$ cat start00.tsv   # TSV, C-alpha atoms
chain	number	residue	atom	x	y	z
A	1	MET	CA	-65.52	-48.53	-270.61
A	2	PHE	CA	-64.63	-47.92	-274.27
A	3	GLU	CA	-63.17	-51.41	-274.75
A	4	LYS	CA	-66.55	-52.84	-273.78
A	5	ILE	CA	-68.35	-50.47	-276.19
A	6	GLU	CA	-66.04	-51.41	-279.07
A	7	GLU	CA	-66.78	-55.06	-278.40
A	8	LEU	CA	-70.51	-54.29	-278.50
A	9	GLU	CA	-70.02	-52.31	-281.71
A	10	ARG	CA	-68.39	-55.36	-283.32
A	11	ARG	CA	-71.39	-57.42	-282.21
A	12	PHE	CA	-73.71	-54.79	-283.70
A	13	SER	CA	-71.97	-55.03	-287.09
A	14	GLU	CA	-72.12	-58.82	-286.87
A	15	LEU	CA	-75.87	-58.63	-286.22
A	16	GLU	CA	-76.35	-56.39	-289.27
A	17	SER	CA	-74.71	-59.10	-291.42
A	18	PHE	CA	-76.89	-61.82	-289.87
A	19	LEU	CA	-80.08	-59.83	-290.44
A	20	ALA	CA	-79.25	-59.51	-294.14
A	21	ASP	CA	-78.76	-63.28	-294.48
A	22	PRO	CA	-81.72	-64.91	-296.34
A	23	ALA	CA	-81.42	-68.03	-294.16
A	24	VAL	CA	-81.89	-65.94	-290.99
A	25	ILE	CA	-84.75	-63.97	-292.54
A	26	ALA	CA	-86.51	-67.25	-293.33
A	27	ASN	CA	-86.27	-68.33	-289.69
A	28	GLN	CA	-88.75	-65.91	-288.12
A	29	ALA	CA	-88.01	-66.85	-284.50
A	30	GLU	CA	-84.26	-66.33	-284.98
A	31	PHE	CA	-84.84	-63.16	-287.00
A	32	ARG	CA	-87.01	-61.65	-284.22
A	33	LYS	CA	-84.44	-62.57	-281.57
A	34	LEU	CA	-81.54	-61.00	-283.48
A	35	SER	CA	-83.62	-57.94	-284.44
A	36	ARG	CA	-84.40	-57.35	-280.76
A	37	GLU	CA	-80.71	-57.56	-279.84
A	38	HIS	CA	-79.83	-55.22	-282.74
A	39	ALA	CA	-82.41	-52.68	-281.58
A	40	GLU	CA	-81.12	-52.83	-277.99
A	41	LEU	CA	-77.55	-52.05	-279.12
A	42	SER	CA	-78.39	-49.40	-281.73
A	43	GLY	CA	-78.73	-46.45	-279.31
A	44	LEU	CA	-75.38	-47.14	-277.63
A	45	VAL	CA	-73.52	-47.74	-280.89
A	46	GLU	CA	-74.92	-44.61	-282.52
A	47	ALA	CA	-73.99	-42.50	-279.48
A	48	TYR	CA	-70.47	-43.95	-279.43
A	49	ARG	CA	-70.00	-43.26	-283.15
A	50	ARG	CA	-71.06	-39.65	-282.64
A	51	TYR	CA	-68.66	-39.47	-279.69
A	52	ARG	CA	-65.71	-40.69	-281.81
A	53	LYS	CA	-66.57	-38.15	-284.49
A	54	ILE	CA	-66.58	-35.36	-281.86
A	55	LEU	CA	-63.16	-36.48	-280.59
A	56	MET	CA	-61.78	-36.24	-284.14
A	57	GLU	CA	-63.24	-32.75	-284.57
A	58	ILE	CA	-61.77	-31.66	-281.22
A	59	ALA	CA	-58.33	-32.93	-282.25
A	60	GLY	CA	-58.59	-31.08	-285.58
A	61	ASN	CA	-59.59	-27.80	-283.93
A	62	ARG	CA	-56.75	-28.06	-281.40
A	63	GLU	CA	-54.29	-28.22	-284.28
A	64	LEU	CA	-55.80	-25.01	-285.64
A	65	LEU	CA	-55.01	-23.17	-282.38
A	66	ALA	CA	-51.41	-22.77	-283.63
A	67	ASP	CA	-52.68	-20.77	-286.63
A	68	PRO	CA	-53.21	-17.08	-285.59
A	69	ASP	CA	-55.82	-16.59	-288.31
A	70	MET	CA	-57.86	-19.60	-287.19
A	71	LYS	CA	-57.29	-19.51	-283.43
A	72	GLU	CA	-60.40	-17.51	-282.44
A	73	MET	CA	-62.73	-19.61	-284.58
A	74	ALA	CA	-61.15	-22.83	-283.29
A	75	GLU	CA	-61.57	-21.73	-279.66
A	76	ASP	CA	-65.29	-21.01	-280.20
A	77	GLU	CA	-65.73	-24.33	-281.94
A	78	LEU	CA	-63.93	-26.19	-279.13
A	79	LYS	CA	-66.33	-24.80	-276.52
A	80	SER	CA	-69.36	-26.29	-278.24
A	81	LEU	CA	-67.51	-29.52	-279.07
A	82	ASP	CA	-66.39	-29.99	-275.45
A	83	ALA	CA	-69.98	-29.46	-274.27
A	84	GLU	CA	-71.25	-32.05	-276.77
A	85	LYS	CA	-68.47	-34.46	-275.73
A	86	GLU	CA	-69.55	-34.16	-272.07
A	87	ARG	CA	-73.20	-34.66	-272.97
A	88	LEU	CA	-72.43	-37.78	-275.01
A	89	GLU	CA	-70.31	-39.23	-272.21
A	90	GLY	CA	-73.30	-38.91	-269.87
A	91	GLU	CA	-75.62	-40.48	-272.46
A	92	ILE	CA	-73.21	-43.39	-272.99
A	93	ARG	CA	-72.95	-44.04	-269.23
A	94	LEU	CA	-76.73	-44.26	-269.05
A	95	LEU	CA	-76.90	-46.59	-272.04
A	96	LEU	CA	-74.32	-48.87	-270.40
A	97	LEU	CA	-76.46	-49.37	-267.30
A	98	PRO	CA	-77.78	-52.93	-266.93
A	99	ARG	CA	-81.05	-53.08	-268.83
A	100	ASP	CA	-84.24	-54.21	-267.12
A	101	PRO	CA	-85.14	-57.42	-268.99
A	102	ASN	CA	-88.84	-56.63	-268.45
A	103	ASP	CA	-88.77	-53.22	-270.15
A	104	ASP	CA	-90.07	-54.44	-273.51
A	105	LYS	CA	-92.88	-56.48	-271.99
A	106	SER	CA	-96.61	-55.87	-271.89
A	107	VAL	CA	-98.11	-55.55	-268.41
A	108	ILE	CA	-100.98	-56.51	-266.17
A	109	LEU	CA	-102.48	-53.33	-264.69
A	110	GLU	CA	-104.30	-53.73	-261.36
A	111	ILE	CA	-106.16	-50.87	-259.66
A	112	ARG	CA	-107.90	-51.34	-256.32
A	113	ALA	CA	-110.00	-48.90	-254.33
A	114	GLY	CA	-108.65	-48.28	-250.83
A	115	THR	CA	-109.63	-45.86	-248.09
A	116	GLY	CA	-112.48	-43.53	-248.95
A	117	GLY	CA	-115.39	-45.80	-249.85
A	118	ASP	CA	-117.39	-44.73	-252.91
A	119	GLU	CA	-115.04	-41.84	-253.63
A	120	SER	CA	-112.09	-44.23	-253.77
A	121	ALA	CA	-113.95	-46.44	-256.27
A	122	LEU	CA	-114.72	-43.40	-258.44
A	123	PHE	CA	-111.04	-42.43	-258.35
A	124	ALA	CA	-110.09	-45.98	-259.38
A	125	GLY	CA	-112.25	-45.43	-262.45
A	126	ASP	CA	-110.52	-42.09	-263.11
A	127	LEU	CA	-107.09	-43.74	-262.89
A	128	PHE	CA	-108.12	-46.52	-265.26
A	129	ARG	CA	-109.32	-43.94	-267.82
A	130	MET	CA	-106.05	-42.01	-267.39
A	131	TYR	CA	-103.94	-45.08	-268.14
A	132	SER	CA	-106.25	-46.15	-270.99
A	133	ARG	CA	-105.89	-42.78	-272.71
A	134	PHE	CA	-102.12	-42.82	-272.20
A	135	ALA	CA	-102.13	-46.28	-273.79
A	136	ASP	CA	-104.09	-44.90	-276.76
A	137	THR	CA	-101.45	-42.22	-277.40
A	138	ASN	CA	-98.78	-44.95	-277.42
A	139	ARG	CA	-100.89	-47.26	-279.61
A	140	TRP	CA	-101.05	-49.93	-276.92
A	141	ARG	CA	-103.99	-52.31	-276.59
A	142	VAL	CA	-105.96	-52.35	-273.32
A	143	GLU	CA	-108.18	-55.31	-272.51
A	144	ILE	CA	-110.14	-55.69	-269.27
A	145	ILE	CA	-109.57	-59.06	-267.62
A	146	SER	CA	-111.79	-58.64	-264.57
A	147	ALA	CA	-113.70	-55.77	-262.99
A	148	SER	CA	-115.72	-55.34	-259.83
A	149	GLU	CA	-117.86	-52.26	-260.38
A	150	SER	CA	-119.12	-50.00	-257.60
A	151	GLU	CA	-122.85	-49.25	-257.45
A	152	ARG	CA	-122.15	-45.49	-257.44
A	153	GLY	CA	-119.67	-45.73	-260.33
A	154	GLY	CA	-116.02	-46.55	-260.71
A	155	TYR	CA	-114.42	-49.80	-259.60
A	156	LYS	CA	-113.74	-51.61	-256.37
A	157	GLU	CA	-111.09	-53.44	-258.40
A	158	ILE	CA	-110.14	-53.62	-262.06
A	159	VAL	CA	-107.51	-55.78	-263.74
A	160	ALA	CA	-106.49	-55.26	-267.37
A	161	SER	CA	-103.74	-56.25	-269.76
A	162	VAL	CA	-101.87	-53.46	-271.56
A	163	GLU	CA	-100.12	-54.85	-274.63
A	164	GLY	CA	-97.53	-53.13	-276.79
A	165	THR	CA	-93.85	-52.33	-277.14
A	166	GLY	CA	-92.05	-50.93	-274.09
A	167	VAL	CA	-95.16	-50.77	-271.89
A	168	TYR	CA	-93.38	-51.88	-268.70
A	169	ALA	CA	-90.53	-49.41	-269.27
A	170	LYS	CA	-92.98	-46.49	-269.22
A	171	LEU	CA	-95.39	-47.69	-266.54
A	172	LYS	CA	-93.25	-49.61	-264.05
A	173	TYR	CA	-92.90	-46.69	-261.64
A	174	GLU	CA	-96.70	-46.28	-261.35
A	175	SER	CA	-96.94	-49.03	-258.72
A	176	GLY	CA	-97.90	-47.69	-255.30
A	177	THR	CA	-100.61	-45.80	-253.43
A	178	HIS	CA	-102.24	-42.91	-255.31
A	179	ARG	CA	-103.99	-40.37	-253.06
A	180	VAL	CA	-106.75	-38.04	-254.22
A	181	GLN	CA	-108.00	-34.85	-252.54
A	182	ARG	CA	-111.28	-33.41	-253.83
A	183	VAL	CA	-114.87	-32.57	-252.93
A	184	PRO	CA	-117.11	-35.62	-253.58
A	185	GLU	CA	-120.35	-35.05	-255.47
A	186	THR	CA	-122.23	-36.31	-252.42
A	187	GLU	CA	-120.60	-33.78	-250.04
A	188	ALA	CA	-123.20	-31.12	-249.21
A	189	GLN	CA	-120.81	-28.99	-247.10
A	190	GLY	CA	-118.19	-28.69	-249.84
A	191	ARG	CA	-115.50	-30.29	-247.69
A	192	ILE	CA	-112.42	-31.81	-249.29
A	193	HIS	CA	-112.09	-35.56	-248.73
A	194	THR	CA	-108.94	-37.64	-249.03
A	195	SER	CA	-109.17	-41.10	-250.61
A	196	ALA	CA	-106.67	-43.55	-252.00
A	197	CYS	CA	-106.22	-46.34	-254.53
A	198	THR	CA	-103.40	-48.81	-255.06
A	199	VAL	CA	-101.91	-49.45	-258.48
A	200	ALA	CA	-99.84	-52.50	-259.42
A	201	ILE	CA	-97.90	-52.83	-262.68
A	202	LEU	CA	-96.85	-56.44	-263.30
A	203	PRO	CA	-94.67	-57.44	-266.27
A	204	GLU	CA	-96.59	-60.01	-268.26
A	205	ALA	CA	-95.09	-63.45	-267.74
A	206	GLU	CA	-94.14	-65.53	-270.76
A	207	ASP	CA	-94.08	-69.32	-270.82
A	208	ILE	CA	-90.28	-69.23	-270.67
A	209	ASP	CA	-90.42	-67.11	-267.49
A	210	ILE	CA	-92.44	-69.45	-265.32
A	211	ASP	CA	-93.74	-72.99	-265.37
A	212	ILE	CA	-96.78	-73.82	-263.24
A	213	ASN	CA	-97.56	-77.37	-262.15
A	214	PRO	CA	-101.24	-78.10	-262.99
A	215	ALA	CA	-101.46	-80.08	-259.74
A	216	ASP	CA	-100.89	-76.81	-257.86
A	217	LEU	CA	-104.07	-75.26	-259.29
A	218	LYS	CA	-107.65	-75.34	-258.02
A	219	ILE	CA	-110.04	-74.23	-260.77
A	220	ASP	CA	-113.67	-73.29	-260.12
A	221	VAL	CA	-116.28	-72.20	-262.66
A	222	TYR	CA	-119.40	-70.16	-261.91
A	223	ARG	CA	-121.88	-67.79	-263.51
A	224	SER	CA	-120.77	-64.29	-264.41
A	225	SER	CA	-122.51	-61.44	-262.61
A	226	GLY	CA	-122.52	-57.68	-262.97
A	227	ALA	CA	-122.67	-54.78	-260.53
A	228	GLY	CA	-125.15	-55.48	-257.74
A	229	GLY	CA	-124.88	-59.23	-258.26
A	230	GLN	CA	-127.29	-59.66	-261.17
A	231	HIS	CA	-126.44	-62.51	-263.53
A	232	VAL	CA	-125.22	-61.42	-266.95
A	233	ASN	CA	-124.59	-64.90	-268.31
A	234	THR	CA	-126.71	-68.04	-268.12
A	235	THR	CA	-123.76	-70.46	-268.39
A	236	ASP	CA	-120.90	-71.22	-266.02
A	237	SER	CA	-118.34	-69.25	-268.02
A	238	ALA	CA	-116.59	-67.34	-265.21
A	239	VAL	CA	-113.36	-68.90	-263.95
A	240	ARG	CA	-111.59	-68.67	-260.59
A	241	ILE	CA	-108.07	-70.12	-260.28
A	242	THR	CA	-106.33	-70.63	-256.94
A	243	HIS	CA	-102.59	-71.29	-256.86
A	244	LEU	CA	-102.30	-73.53	-253.81
A	245	PRO	CA	-98.58	-72.99	-252.94
A	246	THR	CA	-98.91	-69.19	-252.80
A	247	GLY	CA	-102.64	-68.76	-252.08
A	248	ILE	CA	-102.99	-66.36	-255.03
A	249	VAL	CA	-106.57	-66.24	-256.34
A	250	VAL	CA	-107.41	-64.90	-259.81
A	251	ALA	CA	-110.90	-64.63	-261.32
A	252	CYS	CA	-112.09	-63.65	-264.79
A	253	GLN	CA	-115.64	-63.29	-266.09
A	254	GLU	CA	-115.35	-60.69	-268.86
A	255	GLU	CA	-115.65	-63.20	-271.73
A	256	ARG	CA	-118.66	-65.39	-272.54
A	257	SER	CA	-116.30	-68.28	-273.23
A	258	GLN	CA	-114.99	-70.31	-270.28
A	259	ILE	CA	-111.85	-71.14	-272.30
A	260	LYS	CA	-111.07	-67.46	-272.92
A	261	ASN	CA	-111.70	-66.56	-269.27
A	262	ARG	CA	-109.39	-69.36	-268.17
A	263	ALA	CA	-106.63	-68.18	-270.53
A	264	LYS	CA	-106.91	-64.60	-269.23
A	265	ALA	CA	-106.91	-65.73	-265.60
A	266	MET	CA	-103.79	-67.85	-266.21
A	267	LYS	CA	-102.07	-64.83	-267.76
A	268	VAL	CA	-102.69	-62.79	-264.59
A	269	LEU	CA	-101.74	-65.67	-262.30
A	270	LYS	CA	-98.38	-66.18	-264.04
A	271	SER	CA	-97.64	-62.46	-263.90
A	272	ARG	CA	-98.42	-62.28	-260.17
A	273	ILE	CA	-96.22	-65.30	-259.40
A	274	LEU	CA	-93.41	-63.85	-261.56
A	275	ASP	CA	-93.76	-60.54	-259.69
A	276	ILE	CA	-93.37	-62.31	-256.33
A	277	MET	CA	-90.31	-64.18	-257.56
A	278	GLN	CA	-88.66	-61.05	-258.96
A	279	THR	CA	-89.49	-58.99	-255.86
A	280	GLU	CA	-87.89	-61.61	-253.62
A	281	GLN	CA	-84.85	-61.78	-255.87
A	282	ALA	CA	-84.49	-57.99	-255.91
A	283	ALA	CA	-84.78	-57.85	-252.11
A	284	LYS	CA	-81.94	-60.38	-251.75
A	285	MET	CA	-79.74	-58.47	-254.19
A	286	ALA	CA	-80.44	-55.19	-252.37
A	287	ALA	CA	-79.84	-56.57	-248.86
A	288	ASP	CA	-76.33	-55.10	-248.68
A	289	ARG	CA	-77.24	-51.77	-250.29
A	290	LYS	CA	-78.20	-48.59	-248.46
A	291	GLN	CA	-81.33	-48.22	-250.57
A	292	GLN	CA	-83.25	-50.29	-253.07
A	293	VAL	CA	-83.84	-48.11	-256.11
A	294	GLY	CA	-87.19	-48.38	-257.86
A	295	SER	CA	-88.49	-51.21	-255.73
A	296	GLY	CA	-92.09	-50.58	-256.76
A	297	ASP	CA	-93.24	-51.05	-253.16
A	298	ARG	CA	-97.02	-50.88	-253.46
A	299	SER	CA	-97.46	-49.84	-249.83
A	300	GLU	CA	-95.64	-46.59	-250.57
A	301	ARG	CA	-97.69	-43.42	-251.07
A	302	ILE	CA	-96.21	-42.21	-254.31
A	303	ARG	CA	-98.50	-39.46	-255.57
A	304	THR	CA	-101.21	-36.96	-254.62
A	305	TYR	CA	-103.87	-35.63	-257.00
A	306	ASN	CA	-105.27	-32.38	-255.57
A	307	PHE	CA	-108.33	-31.39	-257.63
A	308	PRO	CA	-109.22	-28.04	-255.95
A	309	GLN	CA	-105.74	-26.73	-256.78
A	310	GLY	CA	-105.39	-28.60	-260.08
A	311	ARG	CA	-102.12	-30.00	-258.75
A	312	LEU	CA	-100.30	-33.32	-259.01
A	313	THR	CA	-97.32	-34.10	-256.76
A	314	ASP	CA	-95.08	-37.12	-257.08
A	315	HIS	CA	-93.55	-37.48	-253.63
A	316	ARG	CA	-90.62	-39.68	-254.69
A	317	ILE	CA	-88.97	-37.07	-256.91
A	318	GLY	CA	-90.59	-33.87	-255.66
A	319	LEU	CA	-92.28	-33.23	-259.00
A	320	THR	CA	-95.28	-30.87	-258.89
A	321	LEU	CA	-97.39	-30.04	-261.94
A	322	TYR	CA	-100.37	-27.67	-262.12
A	323	ARG	CA	-102.23	-29.24	-265.04
A	324	LEU	CA	-104.27	-31.98	-263.42
A	325	ASP	CA	-107.01	-31.87	-266.09
A	326	SER	CA	-104.62	-32.85	-268.90
A	327	ILE	CA	-102.93	-35.46	-266.69
A	328	MET	CA	-106.24	-37.16	-265.90
A	329	ALA	CA	-106.92	-37.08	-269.65
A	330	GLY	CA	-103.86	-39.32	-270.12
A	331	ASP	CA	-101.04	-36.79	-270.58
A	332	ILE	CA	-98.58	-38.49	-268.20
A	333	ALA	CA	-95.53	-38.78	-270.50
A	334	GLU	CA	-93.65	-36.03	-268.62
A	335	ILE	CA	-94.19	-37.84	-265.31
A	336	ALA	CA	-93.08	-41.20	-266.72
A	337	ASP	CA	-89.95	-39.65	-268.30
A	338	SER	CA	-89.05	-37.74	-265.13
A	339	LEU	CA	-89.32	-40.89	-263.00
A	340	ARG	CA	-87.21	-42.90	-265.42
A	341	THR	CA	-84.51	-40.21	-265.51
A	342	TYR	CA	-84.48	-39.97	-261.70
A	343	TYR	CA	-84.04	-43.71	-261.19
A	344	GLN	CA	-81.39	-43.88	-263.90
A	345	MET	CA	-79.42	-41.15	-262.08
A	346	GLU	CA	-79.81	-43.06	-258.81
A	347	ALA	CA	-78.50	-46.21	-260.48
A	348	LEU	CA	-75.52	-44.28	-261.90
A	349	LYS	CA	-74.79	-42.88	-258.44
A	350	GLN	CA	-74.85	-46.35	-256.90
A	351	GLN	CA	-72.66	-47.67	-259.70
A	352	SER	CA	-70.01	-44.96	-259.14
A	353	GLU	CA	-70.11	-45.52	-255.34
A	354	ALA	CA	-69.56	-49.25	-255.85
A	355	ALA	CA	-66.67	-48.70	-258.28
$ encode --input "start00.tsv" --output "structure tokens"
Amino acid sequence: MFEKIEELERRFSELESFLADPAVIANQAEFRKLSREHAELSGLVEAYRRYRKILMEIAGNRELLADPDMKEMAEDELKSLDAEKERLEGEIRLLLLPRDPNDDKSVILEIRAGTGGDESALFAGDLFRMYSRFADTNRWRVEIISASESERGGYKEIVASVEGTGVYAKLKYESGTHRVQRVPETEAQGRIHTSACTVAILPEAEDIDIDINPADLKIDVYRSSGAGGQHVNTTDSAVRITHLPTGIVVACQEERSQIKNRAKAMKVLKSRILDIMQTEQAAKMAADRKQQVGSGDRSERIRTYNFPQGRLTDHRIGLTLYRLDSIMAGDIAEIADSLRTYYQMEALKQQSEAA
């Protein structure tokens, strides 16, 4: 393990030299590429350097054990040093796990109302606000690509791009079925209803990820319309793109410009096709495993939001929090961090079993 880290540390030092080279700085594409690699290695290298320093301090304190005057102090110091050594070993193992190449990417967020009619559409709106506020706290940019509004409020479906650094890393475990339990405003008897929405988090595809043959596309243009079907634009600016090989259909009507709507629709289409390709690849790789970790299966019921009790439960990791108001206001960092830690531990377990 440590031979590999020392090799990566040498690469890290090499990258520092490159990034100080005026010729590299002048080449912005190369500079960004090397900066990204440098940033990816920095956490591991820093942890390993702290680890080596701890080993030196442990060796020094063990020498002091032979001195009667220093023995007690050295023993106390060794206890804390051994604990820090163990903690750093765990951190280094995590940092050595294969990195998800999509983690730094922006995402396409898709929320669709499911069972529950109007109440499900209202909950879809609540979920979109939750993610939008979480994006605000992380200084990410949210832009609606398409939305089908419900007459009573909320959305039958909403698709948006969430752009920023590390968006996919924090949101990738949000894919799945989200269930809500609460009393609808229209319920005269005060009975609790159960509704559901599905959430999909798709890493945004880049041109280098996927190449689409224009001959495989059917593109239609039509007039934009709002909730209830009324026209909101007098020109054919809305765009619908059908990818013939997969049957995927994407529509966008949020912009007044047909060109902008087409660009947004293509962004979603590429991300959906990339998601299909990566899901199929992951399924093949996991065929001989006992369990596929973090598959993002969107048919899975992942979470329940119980409003009468102010409770959120994530069923995958058994996490229950009694602060639903703050969660719906976008405070979901604890949930995202807990999910990431859980799946990292599962990956470590699988790695040790395979060794």
$ closest_residue --input "start00.tsv" --among "A:Ile248, A:Ala20, A:Val45, A:Leu34" --to "A:Leu96" --atoms "only C-alpha atoms"
A:Val45
$ residues_around --input "start00.tsv" --residues "stretch 263-279 of chain A" --least-positions-apart "4" --cutoff "9 Å" --atoms "all atoms listed in the file" --output "ChimeraX atom specification"
/A:107-108,145-146,159-161,202-207,209-212,239-243,246,248-252,258-259,283-284,295-296
$ closest_residue --input "start00.tsv" --among "A:Lys85, A:Arg179, A:His193, A:Arg93" --to "A:Ala113" --atoms "all atoms listed in the file"
A:Arg179
$ residues_around --input "start00.tsv" --residues "A:Ser42" --least-positions-apart "4" --cutoff "12 Å" --atoms "all atoms listed in the file" --output "list in words"
Ile5, Leu8, Glu9, Arg10, Arg11, Phe12, Ser13, Leu15, Glu16, Ser35, Arg36, Glu37, His38, Glu46, Ala47, Tyr48, Arg49, Ile92 and Leu95 of chain A
$ residues_around --input "start00.tsv" --residues "A:Arg256" --least-positions-apart "2" --cutoff "9 Å" --atoms "only C-alpha atoms" --output "CSV table (one decimal) with C-alpha atoms, keeping the file's coordinate frame"
chain,number,residue,atom,x,y,z
A,224,SER,CA,-120.8,-64.3,-264.4
A,233,ASN,CA,-124.6,-64.9,-268.3
A,235,THR,CA,-123.8,-70.5,-268.4
A,237,SER,CA,-118.3,-69.2,-268.0
A,238,ALA,CA,-116.6,-67.3,-265.2
A,253,GLN,CA,-115.6,-63.3,-266.1
A,254,GLU,CA,-115.4,-60.7,-268.9
A,258,GLN,CA,-115.0,-70.3,-270.3
A,259,ILE,CA,-111.8,-71.1,-272.3
A,260,LYS,CA,-111.1,-67.5,-272.9
A,261,ASN,CA,-111.7,-66.6,-269.3
$ closest_residue --input "start00.tsv" --among "A:Leu78, A:Ile25, A:Met345, A:Val162" --to "A:Leu64" --atoms "all atoms listed in the file"
A:Leu78
$ atom_distance --input "start00.tsv" --atom1 "atom CA of A:Phe134" --atom2 "atom CA of A:Thr194"
24.7 Å
$ closest_residue --input "start00.tsv" --among "A:Leu171, A:Asp337, A:Gly164, A:Asp118" --to "A:Arg152" --atoms "only C-alpha atoms"
A:Asp118
$ closest_residue --input "start00.tsv" --among "A:Leu244, A:Ser338, A:Glu174, A:Ser150" --to "A:Met130" --atoms "all atoms listed in the file"
A:Glu174
$ closest_residue --input "start00.tsv" --among "A:Ala347, A:Ile158, A:Ile317, A:Val142" --to "A:Ala121" --atoms "all atoms listed in the file"
A:Ile158
$ atom_distance --input "start00.tsv" --atom1 "atom CA of A:Asp104" --atom2 "atom CA of A:Lys170"
9.5 Å
$ residues_near_point --input "start00.tsv" --point "(-112.2, -47.9, -255.0)" --cutoff "12 Å" --atoms "all atoms listed in the file" --output "MDAnalysis selection string"
chainID A and resid 110:128 147:158 177:180 195:199
$ atom_distance --input "start00.tsv" --atom1 "atom CA of A:Asp103" --atom2 "atom CA of A:Asp331"
20.5 Å
